[in-house]
Amino acid sequence: NTPLFAGRFLHYNHLCSYSRKMSRIIPTLSIHDIDTQLTYLNKYLGMKQIHKTTQTTTTHFYVGYGDKNDSVIHLVHDTQHQSPYQIGQAFGHIAISSPNLYEQCAAIKADGGKVTREPGPVKGGTTEIAFIETPESWKYELIKRDSSWVCPILHVMLRVGNIEKTKAFYEIIGMKMIRSSENQEYKYTLYFMGYGPEEQNTVLEFTYNWGVDKYDHGDAFNGITVTVPDIVGTYNNVKAAGYAITKELDTNNPQSFVVSDPDGYTVNVSTSQSFTALLS
């Protein structure tokens, strides 16, 4: 399949400063109709399949704009899972950079794709955005960005019940606050956290809707993988803080461990070397 006006992705060919960093963020999505999803991501968003691996009934696909060293999205397809997955309300969306936002949305609509929020400025601001939705109801936010934003997978939005507890947990695994905002009219708070500047890294957007402390997580969003330079130190910090570790670190071969964050999102903490090796 040929992406719709693929020229809009040309400036991503020089993925550079963020590509070989020690820390990155990778969301994992369970997909029922994997062929339709892969076609959609390639045709409408210009992503390509970077790696594929099969384990018994489960196939793992890694898609993105660069190679195994760059930011990716992890798709999981289980042939034994017969019914569509439920996304729930906790997961929000994945944001993608769109140099040609209006043309991209027009082409998606003309091709029969679903644009759920027409392109235009955000209320009370100047940033231009749109929302599109895949056949399995995964939401992607398109944000107009220029070529100075070298990381096309901008952020993953997750809803949380206590934003200060969220902040404390992600600081434990090495993230820093990038920016925050508060909307008095609609009663929500946003925290953007990550391992480096938004222009060069995929980051996390945490949304706290005032007074809402719990969400249905469904079974479609499988959490995130993060890579850190010091996995033993990160593990010790997480353990000392009392968070729920669901897969312990093998001290003889320290490659990864799994922990639940305060809202129950699964976080697989790995090293950059082991994650890159997984894609080889």
# chains A, B, ... in the order shown; residues from 1 in each chain; ligands from 1
$ residues_around --residues "Ala130 of chain A" --least-positions-apart "4" --cutoff "10 Å" --atoms "only C-alpha atoms" --output "JSON, numbers by chain"
{"A": [95, 98, 101, 102, 104, 105, 115, 116, 117, 118, 119, 120, 121, 122, 140, 141, 142, 143, 144]}
$ residues_around --residues "segment 87-91 of chain A" --least-positions-apart "2" --cutoff "7 Å" --atoms "only C-alpha atoms" --output "number ranges by chain"
A: 85, 93, 157-159, 215-221
$ write_last_selection --atoms "all heavy atoms" --output "compact mmCIF listing (two decimals), in the first residue's frame"
# COMPACT_ATOMS: atom_id res chain seq x y z
N TYR A 85 -11.45 -6.65 20.84
CA TYR A 85 -11.00 -6.19 22.16
C TYR A 85 -11.80 -4.96 22.57
O TYR A 85 -12.34 -4.23 21.74
CB TYR A 85 -9.52 -5.84 22.11
CG TYR A 85 -8.61 -7.03 21.94
CD1 TYR A 85 -8.17 -7.42 20.68
CD2 TYR A 85 -8.18 -7.76 23.04
CE1 TYR A 85 -7.34 -8.52 20.50
CE2 TYR A 85 -7.34 -8.86 22.89
CZ TYR A 85 -6.92 -9.24 21.62
OH TYR A 85 -6.10 -10.32 21.45
N HIS A 93 -5.45 8.23 23.54
CA HIS A 93 -5.07 8.25 22.13
C HIS A 93 -3.55 8.24 22.00
O HIS A 93 -2.83 8.38 23.00
CB HIS A 93 -5.63 9.49 21.43
CG HIS A 93 -5.13 10.78 22.02
ND1 HIS A 93 -5.85 11.50 22.94
CD2 HIS A 93 -3.97 11.48 21.83
CE1 HIS A 93 -5.17 12.58 23.30
NE2 HIS A 93 -4.02 12.59 22.63
N MET A 157 -1.63 9.31 25.32
CA MET A 157 -2.46 9.94 26.36
C MET A 157 -3.16 8.86 27.19
O MET A 157 -3.82 7.96 26.66
CB MET A 157 -3.51 10.86 25.73
CG MET A 157 -4.22 11.76 26.77
SD MET A 157 -5.58 10.96 27.66
CE MET A 157 -6.98 11.58 26.74
N LEU A 158 -3.00 8.97 28.51
CA LEU A 158 -3.62 8.05 29.45
C LEU A 158 -4.37 8.85 30.51
O LEU A 158 -3.87 9.87 31.01
CB LEU A 158 -2.56 7.19 30.14
CG LEU A 158 -1.62 6.38 29.22
CD1 LEU A 158 -0.55 5.68 30.05
CD2 LEU A 158 -2.41 5.38 28.40
N ARG A 159 -5.56 8.38 30.88
CA ARG A 159 -6.34 9.03 31.95
C ARG A 159 -5.97 8.42 33.29
O ARG A 159 -5.82 7.19 33.40
CB ARG A 159 -7.83 8.89 31.67
CG ARG A 159 -8.25 9.59 30.38
CD ARG A 159 -9.75 9.48 30.13
NE ARG A 159 -10.10 10.18 28.89
CZ ARG A 159 -10.16 9.58 27.68
NH1 ARG A 159 -9.91 8.28 27.59
NH2 ARG A 159 -10.46 10.28 26.61
N TYR A 215 -11.09 4.39 36.10
CA TYR A 215 -11.56 4.20 34.73
C TYR A 215 -11.58 2.71 34.39
O TYR A 215 -10.80 1.92 34.95
CB TYR A 215 -10.66 4.91 33.72
CG TYR A 215 -10.69 6.40 33.82
CD1 TYR A 215 -9.76 7.09 34.60
CD2 TYR A 215 -11.64 7.16 33.13
CE1 TYR A 215 -9.78 8.47 34.69
CE2 TYR A 215 -11.67 8.54 33.21
CZ TYR A 215 -10.74 9.18 34.00
OH TYR A 215 -10.77 10.54 34.10
N ASP A 216 -12.45 2.34 33.46
CA ASP A 216 -12.46 1.00 32.91
C ASP A 216 -11.28 0.87 31.94
O ASP A 216 -11.17 1.63 30.98
CB ASP A 216 -13.78 0.75 32.18
CG ASP A 216 -13.78 -0.55 31.40
OD1 ASP A 216 -12.96 -1.43 31.70
OD2 ASP A 216 -14.60 -0.68 30.46
N HIS A 217 -10.38 -0.07 32.20
CA HIS A 217 -9.18 -0.23 31.37
C HIS A 217 -9.41 -1.12 30.16
O HIS A 217 -8.56 -1.15 29.26
CB HIS A 217 -8.03 -0.79 32.21
CG HIS A 217 -7.36 0.25 33.06
ND1 HIS A 217 -6.02 0.56 32.95
CD2 HIS A 217 -7.85 1.06 34.01
CE1 HIS A 217 -5.71 1.52 33.81
NE2 HIS A 217 -6.80 1.84 34.48
N GLY A 218 -10.51 -1.85 30.10
CA GLY A 218 -10.72 -2.76 28.99
C GLY A 218 -9.64 -3.83 28.92
O GLY A 218 -8.92 -4.07 29.90
N ASP A 219 -9.49 -4.44 27.74
CA ASP A 219 -8.45 -5.47 27.58
C ASP A 219 -7.61 -5.25 26.33
O ASP A 219 -6.83 -6.12 25.94
CB ASP A 219 -9.08 -6.86 27.55
CG ASP A 219 -10.04 -7.07 26.36
OD1 ASP A 219 -10.32 -6.09 25.63
OD2 ASP A 219 -10.51 -8.20 26.18
N ALA A 220 -7.74 -4.07 25.71
CA ALA A 220 -7.05 -3.83 24.44
C ALA A 220 -5.70 -3.13 24.62
O ALA A 220 -4.75 -3.41 23.87
CB ALA A 220 -7.92 -3.00 23.51
N PHE A 221 -5.61 -2.23 25.59
CA PHE A 221 -4.36 -1.51 25.80
C PHE A 221 -3.51 -2.29 26.81
O PHE A 221 -3.91 -2.50 27.95
CB PHE A 221 -4.62 -0.09 26.31
CG PHE A 221 -3.35 0.69 26.53
CD1 PHE A 221 -2.51 1.00 25.47
CD2 PHE A 221 -2.99 1.12 27.80
CE1 PHE A 221 -1.34 1.71 25.67
CE2 PHE A 221 -1.82 1.84 28.01
CZ PHE A 221 -1.00 2.13 26.93
$ select_by_dssp --residues "segment 116-274 of chain A" --states "strand (DSSP E or B)" --output "PyMOL selection string"
chain A and resi 116-121+128-133+139-143+153-159+176-183+188-194+203-209+221-227+244-247+256-260+266-270
$ residues_around --residues "Glu248 of chain A" --least-positions-apart "6" --cutoff "10 Å" --atoms "only C-alpha atoms" --output "list in words"
Tyr235, Lys239, Pro254, Ser256, Phe257, Val258 and Val259 of chain A
$ write_last_selection --atoms "N, CA, C and O atoms" --output "JSON list (two decimals), in the first residue's frame"
[["chain", "number", "residue", "atom", "x", "y", "z"],
["A", 235, "TYR", "N", 15.05, -0.62, 39.16],
["A", 235, "TYR", "CA", 14.34, -1.70, 39.87],
["A", 235, "TYR", "C", 14.42, -1.50, 41.38],
["A", 235, "TYR", "O", 13.41, -1.60, 42.09],
["A", 239, "LYS", "N", 11.21, -0.91, 43.81],
["A", 239, "LYS", "CA", 10.95, -1.86, 44.89],
["A", 239, "LYS", "C", 10.94, -1.15, 46.25],
["A", 239, "LYS", "O", 10.08, -1.41, 47.09],
["A", 254, "PRO", "N", 19.97, -9.21, 34.10],
["A", 254, "PRO", "CA", 19.03, -8.09, 34.30],
["A", 254, "PRO", "C", 18.65, -7.40, 33.01],
["A", 254, "PRO", "O", 19.31, -6.47, 32.55],
["A", 256, "SER", "N", 14.88, -6.98, 32.14],
["A", 256, "SER", "CA", 13.60, -6.29, 32.26],
["A", 256, "SER", "C", 12.87, -6.71, 33.53],
["A", 256, "SER", "O", 13.15, -7.77, 34.10],
["A", 257, "PHE", "N", 11.92, -5.88, 33.94],
["A", 257, "PHE", "CA", 10.96, -6.24, 34.97],
["A", 257, "PHE", "C", 9.66, -5.53, 34.65],
["A", 257, "PHE", "O", 9.62, -4.60, 33.84],
["A", 258, "VAL", "N", 8.57, -5.99, 35.27],
["A", 258, "VAL", "CA", 7.25, -5.44, 34.99],
["A", 258, "VAL", "C", 6.64, -4.95, 36.30],
["A", 258, "VAL", "O", 6.69, -5.64, 37.32],
["A", 259, "VAL", "N", 6.03, -3.76, 36.24],
["A", 259, "VAL", "CA", 5.43, -3.14, 37.43],
["A", 259, "VAL", "C", 4.11, -2.50, 37.04],
["A", 259, "VAL", "O", 3.93, -2.06, 35.90]]
$ closest_residue --among "A:Ile178, A:Ala241, A:Ile172, A:Leu204" --to "Val160 of chain A" --atoms "only C-alpha atoms"
A:Leu204
$ select_by_dssp --residues "segment 74-241 of chain A" --states "helix (DSSP H, G or I)" --output "mmCIF file with N, CA, C and O atoms, in the first residue's frame"
data_model
loop_
_atom_site.group_PDB
_atom_site.id
_atom_site.type_symbol
_atom_site.label_atom_id
_atom_site.label_comp_id
_atom_site.auth_asym_id
_atom_site.auth_seq_id
_atom_site.Cartn_x
_atom_site.Cartn_y
_atom_site.Cartn_z
ATOM 1 N N LEU A 101 -1.592 18.912 7.994
ATOM 2 C CA LEU A 101 -2.766 18.446 8.723
ATOM 3 C C LEU A 101 -4.045 18.497 7.898
ATOM 4 O O LEU A 101 -4.789 17.509 7.819
ATOM 5 N N TYR A 102 -4.334 19.623 7.292
ATOM 6 C CA TYR A 102 -5.608 19.799 6.592
ATOM 7 C C TYR A 102 -5.683 18.897 5.362
ATOM 8 O O TYR A 102 -6.717 18.271 5.097
ATOM 9 N N GLU A 103 -4.594 18.828 4.602
ATOM 10 C CA GLU A 103 -4.570 17.970 3.429
ATOM 11 C C GLU A 103 -4.677 16.499 3.821
ATOM 12 O O GLU A 103 -5.349 15.706 3.154
ATOM 13 N N GLN A 104 -4.003 16.131 4.916
ATOM 14 C CA GLN A 104 -4.046 14.742 5.369
ATOM 15 C C GLN A 104 -5.466 14.332 5.750
ATOM 16 O O GLN A 104 -5.953 13.275 5.346
ATOM 17 N N CYS A 105 -6.154 15.172 6.517
ATOM 18 C CA CYS A 105 -7.524 14.853 6.928
ATOM 19 C C CYS A 105 -8.470 14.809 5.728
ATOM 20 O O CYS A 105 -9.361 13.943 5.652
ATOM 21 N N ALA A 106 -8.292 15.718 4.791
ATOM 22 C CA ALA A 106 -9.145 15.716 3.597
ATOM 23 C C ALA A 106 -8.961 14.434 2.801
ATOM 24 O O ALA A 106 -9.936 13.840 2.312
ATOM 25 N N ALA A 107 -7.719 13.969 2.698
ATOM 26 C CA ALA A 107 -7.447 12.746 1.953
ATOM 27 C C ALA A 107 -8.014 11.523 2.669
ATOM 28 O O ALA A 107 -8.544 10.607 2.035
ATOM 29 N N ILE A 108 -7.916 11.507 3.986
ATOM 30 C CA ILE A 108 -8.470 10.391 4.764
ATOM 31 C C ILE A 108 -9.981 10.334 4.595
ATOM 32 O O ILE A 108 -10.559 9.266 4.355
ATOM 33 N N LYS A 109 -10.648 11.484 4.686
ATOM 34 C CA LYS A 109 -12.103 11.515 4.522
ATOM 35 C C LYS A 109 -12.510 11.105 3.110
ATOM 36 O O LYS A 109 -13.465 10.343 2.917
ATOM 37 N N ALA A 110 -11.777 11.596 2.123
ATOM 38 C CA ALA A 110 -12.112 11.268 0.728
ATOM 39 C C ALA A 110 -11.959 9.783 0.446
ATOM 40 O O ALA A 110 -12.646 9.227 -0.416
ATOM 41 N N ILE A 163 -3.218 12.492 39.863
ATOM 42 C CA ILE A 163 -2.100 12.892 39.006
ATOM 43 C C ILE A 163 -0.796 13.071 39.767
ATOM 44 O O ILE A 163 0.291 12.880 39.229
ATOM 45 N N GLU A 164 -0.877 13.398 41.042
ATOM 46 C CA GLU A 164 0.351 13.535 41.819
ATOM 47 C C GLU A 164 0.978 12.174 42.112
ATOM 48 O O GLU A 164 2.206 12.027 42.102
ATOM 49 N N LYS A 165 0.155 11.154 42.351
ATOM 50 C CA LYS A 165 0.688 9.796 42.522
ATOM 51 C C LYS A 165 1.298 9.305 41.208
ATOM 52 O O LYS A 165 2.331 8.626 41.207
ATOM 53 N N THR A 166 0.652 9.652 40.104
ATOM 54 C CA THR A 166 1.189 9.296 38.785
ATOM 55 C C THR A 166 2.551 9.937 38.579
ATOM 56 O O THR A 166 3.509 9.285 38.162
ATOM 57 N N LYS A 167 2.644 11.219 38.866
ATOM 58 C CA LYS A 167 3.905 11.949 38.709
ATOM 59 C C LYS A 167 5.016 11.308 39.545
ATOM 60 O O LYS A 167 6.138 11.100 39.060
ATOM 61 N N ALA A 168 4.707 10.962 40.781
ATOM 62 C CA ALA A 168 5.716 10.373 41.665
ATOM 63 C C ALA A 168 6.221 9.044 41.121
ATOM 64 O O ALA A 168 7.432 8.762 41.147
ATOM 65 N N PHE A 169 5.302 8.217 40.599
ATOM 66 C CA PHE A 169 5.723 6.918 40.068
ATOM 67 C C PHE A 169 6.635 7.088 38.862
ATOM 68 O O PHE A 169 7.701 6.444 38.783
ATOM 69 N N TYR A 170 6.241 7.909 37.911
ATOM 70 C CA TYR A 170 7.029 8.016 36.676
ATOM 71 C C TYR A 170 8.353 8.739 36.905
ATOM 72 O O TYR A 170 9.317 8.519 36.156
ATOM 73 N N GLU A 171 8.420 9.559 37.939
ATOM 74 C CA GLU A 171 9.721 10.126 38.311
ATOM 75 C C GLU A 171 10.643 9.033 38.854
ATOM 76 O O GLU A 171 11.855 9.058 38.602
ATOM 77 N N ILE A 172 10.077 8.048 39.543
ATOM 78 C CA ILE A 172 10.869 6.933 40.068
ATOM 79 C C ILE A 172 11.538 6.155 38.931
ATOM 80 O O ILE A 172 12.666 5.668 39.071
ATOM 81 N N ILE A 231 18.959 -0.259 34.671
ATOM 82 C CA ILE A 231 17.771 -1.029 35.034
ATOM 83 C C ILE A 231 17.846 -1.553 36.467
ATOM 84 O O ILE A 231 16.831 -1.622 37.167
ATOM 85 N N VAL A 232 19.027 -1.899 36.953
ATOM 86 C CA VAL A 232 19.146 -2.386 38.330
ATOM 87 C C VAL A 232 18.813 -1.273 39.311
ATOM 88 O O VAL A 232 18.060 -1.461 40.269
ATOM 89 N N GLY A 233 19.348 -0.085 39.074
ATOM 90 C CA GLY A 233 19.049 1.048 39.947
ATOM 91 C C GLY A 233 17.575 1.415 39.904
ATOM 92 O O GLY A 233 16.971 1.715 40.946
ATOM 93 N N THR A 234 16.969 1.392 38.704
ATOM 94 C CA THR A 234 15.544 1.694 38.573
ATOM 95 C C THR A 234 14.707 0.659 39.315
ATOM 96 O O THR A 234 13.761 1.005 40.035
ATOM 97 N N TYR A 235 15.055 -0.623 39.165
ATOM 98 C CA TYR A 235 14.337 -1.698 39.867
ATOM 99 C C TYR A 235 14.421 -1.496 41.381
ATOM 100 O O TYR A 235 13.412 -1.603 42.087
ATOM 101 N N ASN A 236 15.603 -1.207 41.883
ATOM 102 C CA ASN A 236 15.768 -1.010 43.327
ATOM 103 C C ASN A 236 14.939 0.169 43.829
ATOM 104 O O ASN A 236 14.341 0.117 44.914
ATOM 105 N N ASN A 237 14.882 1.244 43.054
ATOM 106 C CA ASN A 237 14.089 2.410 43.440
ATOM 107 C C ASN A 237 12.591 2.089 43.457
ATOM 108 O O ASN A 237 11.860 2.506 44.360
ATOM 109 N N VAL A 238 12.137 1.345 42.435
ATOM 110 C CA VAL A 238 10.719 0.967 42.361
ATOM 111 C C VAL A 238 10.348 0.053 43.527
ATOM 112 O O VAL A 238 9.309 0.219 44.165
ATOM 113 N N LYS A 239 11.211 -0.909 43.807
ATOM 114 C CA LYS A 239 10.953 -1.860 44.895
ATOM 115 C C LYS A 239 10.944 -1.152 46.255
ATOM 116 O O LYS A 239 10.076 -1.406 47.095
ATOM 117 N N ALA A 240 11.897 -0.245 46.438
ATOM 118 C CA ALA A 240 11.976 0.490 47.707
ATOM 119 C C ALA A 240 10.755 1.372 47.915
ATOM 120 O O ALA A 240 10.331 1.595 49.057
ATOM 121 N N ALA A 241 10.174 1.854 46.833
ATOM 122 C CA ALA A 241 8.995 2.730 46.938
ATOM 123 C C ALA A 241 7.711 1.936 47.170
ATOM 124 O O ALA A 241 6.654 2.529 47.422
#
$ residues_around --residues "segment 191-199 of chain A" --least-positions-apart "3" --cutoff "7 Å" --atoms "only C-alpha atoms" --output "mmCIF file with N, CA, C and O atoms, in the first residue's frame"
data_model
loop_
_atom_site.group_PDB
_atom_site.id
_atom_site.type_symbol
_atom_site.label_atom_id
_atom_site.label_comp_id
_atom_site.auth_asym_id
_atom_site.auth_seq_id
_atom_site.Cartn_x
_atom_site.Cartn_y
_atom_site.Cartn_z
ATOM 1 N N SER A 23 16.727 5.961 26.494
ATOM 2 C CA SER A 23 15.386 5.846 27.061
ATOM 3 C C SER A 23 14.331 6.168 26.010
ATOM 4 O O SER A 23 14.451 7.143 25.270
ATOM 5 N N ARG A 24 13.287 5.343 25.960
ATOM 6 C CA ARG A 24 12.175 5.606 25.060
ATOM 7 C C ARG A 24 10.905 4.972 25.617
ATOM 8 O O ARG A 24 10.953 4.212 26.581
ATOM 9 N N SER A 148 11.102 20.605 12.684
ATOM 10 C CA SER A 148 11.946 20.637 13.880
ATOM 11 C C SER A 148 11.528 19.569 14.886
ATOM 12 O O SER A 148 12.289 19.227 15.790
ATOM 13 N N TRP A 149 10.321 19.033 14.712
ATOM 14 C CA TRP A 149 9.854 17.925 15.557
ATOM 15 C C TRP A 149 10.284 16.625 14.879
ATOM 16 O O TRP A 149 9.616 16.109 14.001
ATOM 17 N N VAL A 150 11.430 16.100 15.288
ATOM 18 C CA VAL A 150 12.011 14.964 14.576
ATOM 19 C C VAL A 150 11.438 13.626 15.023
ATOM 20 O O VAL A 150 11.729 12.594 14.414
ATOM 21 N N CYS A 151 10.647 13.597 16.102
ATOM 22 C CA CYS A 151 10.015 12.354 16.545
ATOM 23 C C CYS A 151 8.538 12.380 16.159
ATOM 24 O O CYS A 151 7.750 13.104 16.762
ATOM 25 N N LEU A 154 4.329 11.421 18.789
ATOM 26 C CA LEU A 154 4.494 12.512 19.749
ATOM 27 C C LEU A 154 4.245 12.093 21.195
ATOM 28 O O LEU A 154 5.086 12.294 22.070
ATOM 29 N N MET A 175 11.490 9.506 34.514
ATOM 30 C CA MET A 175 10.899 10.558 33.679
ATOM 31 C C MET A 175 10.907 11.899 34.404
ATOM 32 O O MET A 175 10.971 11.959 35.627
ATOM 33 N N LYS A 176 10.819 12.942 33.618
ATOM 34 C CA LYS A 176 10.754 14.292 34.160
ATOM 35 C C LYS A 176 9.509 14.995 33.627
ATOM 36 O O LYS A 176 9.006 14.671 32.553
ATOM 37 N N MET A 177 9.036 15.951 34.426
ATOM 38 C CA MET A 177 7.919 16.781 33.982
ATOM 39 C C MET A 177 8.392 17.682 32.848
ATOM 40 O O MET A 177 9.410 18.370 32.957
ATOM 41 N N ILE A 178 7.666 17.661 31.738
ATOM 42 C CA ILE A 178 8.000 18.499 30.594
ATOM 43 C C ILE A 178 7.164 19.776 30.606
ATOM 44 O O ILE A 178 7.672 20.876 30.431
ATOM 45 N N ARG A 179 5.867 19.614 30.810
ATOM 46 C CA ARG A 179 4.974 20.765 30.938
ATOM 47 C C ARG A 179 3.659 20.307 31.557
ATOM 48 O O ARG A 179 3.356 19.114 31.583
ATOM 49 N N SER A 180 2.916 21.260 32.058
ATOM 50 C CA SER A 180 1.610 20.944 32.642
ATOM 51 C C SER A 180 0.651 22.094 32.367
ATOM 52 O O SER A 180 1.066 23.218 32.081
ATOM 53 N N SER A 181 -0.636 21.784 32.435
ATOM 54 C CA SER A 181 -1.645 22.829 32.260
ATOM 55 C C SER A 181 -2.903 22.419 33.006
ATOM 56 O O SER A 181 -3.107 21.243 33.336
ATOM 57 N N THR A 202 9.116 10.452 22.126
ATOM 58 C CA THR A 202 7.734 10.136 22.464
ATOM 59 C C THR A 202 7.573 10.331 23.966
ATOM 60 O O THR A 202 8.409 9.864 24.753
ATOM 61 N N VAL A 203 6.511 11.016 24.383
ATOM 62 C CA VAL A 203 6.288 11.280 25.800
ATOM 63 C C VAL A 203 4.904 10.774 26.197
ATOM 64 O O VAL A 203 4.135 10.284 25.372
ATOM 65 N N LEU A 204 4.600 10.871 27.490
ATOM 66 C CA LEU A 204 3.292 10.500 28.006
ATOM 67 C C LEU A 204 2.501 11.739 28.383
ATOM 68 O O LEU A 204 3.048 12.665 28.998
ATOM 69 N N GLU A 205 1.234 11.779 27.991
ATOM 70 C CA GLU A 205 0.313 12.828 28.416
ATOM 71 C C GLU A 205 -0.670 12.203 29.411
ATOM 72 O O GLU A 205 -1.428 11.298 29.063
ATOM 73 N N PHE A 206 -0.641 12.670 30.654
ATOM 74 C CA PHE A 206 -1.564 12.174 31.669
ATOM 75 C C PHE A 206 -2.695 13.177 31.847
ATOM 76 O O PHE A 206 -2.446 14.376 32.055
ATOM 77 N N THR A 207 -3.917 12.691 31.750
ATOM 78 C CA THR A 207 -5.094 13.536 31.900
ATOM 79 C C THR A 207 -5.810 13.186 33.193
ATOM 80 O O THR A 207 -6.202 12.026 33.399
#
$ atom_distance --atom1 "atom CA of Lys43 of chain A" --atom2 "atom CA of Ser83 of chain A"
24.9 Å
$ atom_distance --atom1 "atom CA of Pro135 of chain A" --atom2 "atom CA of Ile31 of chain A"
10.5 Å
$ residues_around --residues "Leu75 of chain A" --least-positions-apart "6" --cutoff "6 Å" --atoms "only C-alpha atoms" --output "list in words"
Thr28, Leu29, Ser30, His60 and Phe61 of chain A
$ residues_around --residues "Val72 of chain A" --least-positions-apart "2" --cutoff "10 Å" --atoms "only C-alpha atoms" --output "list in words"
Arg24, Ile25, Ile26, Pro27, Thr28, Met47, Lys48, Gln49, Ile50, His51, Phe61, Tyr62, Val63, Gly64, Tyr65, Gly66, Asp67, Lys68, Asn69, Asp70, His74, Leu75, Pro152, Ile153 and Thr202 of chain A
$ closest_residue --among "A:Lys52, A:Lys139, A:His155, A:Lys187" --to "Ser71 of chain A" --atoms "only C-alpha atoms"
A:His155
